[in-house]
Amino acid sequence: MIRVDLDMMLIRRKMKVTELAQQVDITIANLSILKTGKGRAIRFTTLEAICKALDCQPGDILIYIPDQEEENHDDES
């Protein structure tokens with residue numbers, strides 16, 4: 001699973017969710033979906049706009065979390 005972790009970057013940039021939403025031209029509801037991990041996809045244009053607004057790289061806000069099934073399979077090897 002890939003999780004979008006905006007909280008830490010927002011804190012570092014001293015930016016509120018509403019300000020980011022305005023700069024990225026995305027609704028607060030859709031930004032909240034990304035923040036809570038309920039989003040299933042993100043457009044590259046949206047990711048690019050978020051990175052531009054937060055002055056960061058995609059790797060600063062995208063986190064890979066192995067699936068439970070993958071973890072169990074790795075333990076058996």
# chains A, B, ... in the order shown; residues from 1 in each chain; ligands from 1
>>> residues_around(residues="segment 45-58 of chain A", least_positions_apart="4", cutoff="8 Å", atoms="only C-alpha atoms", output="JSON list (two decimals) with N, CA and C atoms, in the first residue's frame")
[["chain", "number", "residue", "atom", "x", "y", "z"],
["A", 9, "MET", "N", 4.73, 17.23, 6.55],
["A", 9, "MET", "CA", 5.19, 18.27, 5.63],
["A", 9, "MET", "C", 4.41, 19.56, 5.84],
["A", 10, "LEU", "N", 3.12, 19.45, 6.14],
["A", 10, "LEU", "CA", 2.33, 20.65, 6.44],
["A", 10, "LEU", "C", 2.86, 21.34, 7.69],
["A", 13, "ARG", "N", 6.15, 23.10, 6.89],
["A", 13, "ARG", "CA", 5.95, 24.31, 6.07],
["A", 13, "ARG", "C", 5.03, 25.34, 6.74],
["A", 20, "LEU", "N", -3.25, 24.72, 1.62],
["A", 20, "LEU", "CA", -2.75, 23.78, 0.62],
["A", 20, "LEU", "C", -3.83, 23.49, -0.42],
["A", 23, "GLN", "N", -4.00, 26.35, -2.85],
["A", 23, "GLN", "CA", -2.84, 26.43, -3.75],
["A", 23, "GLN", "C", -2.85, 25.33, -4.80],
["A", 24, "VAL", "N", -3.35, 24.15, -4.41],
["A", 24, "VAL", "CA", -3.35, 22.99, -5.30],
["A", 24, "VAL", "C", -4.62, 22.97, -6.17],
["A", 62, "LEU", "N", 5.03, 10.39, 0.08],
["A", 62, "LEU", "CA", 4.51, 9.06, -0.26],
["A", 62, "LEU", "C", 5.28, 8.01, 0.52]]
>>> select_by_dssp(residues="chain A", states="strand (DSSP E)", output="ChimeraX atom specification")
/A:2-4,62-64
>>> atom_distance(atom1="atom CA of Asp5 of chain A", atom2="atom CA of Gly37 of chain A")
8.3 Å
>>> atom_distance(atom1="atom CA of Ile63 of chain A", atom2="atom CA of Arg3 of chain A")
5.1 Å
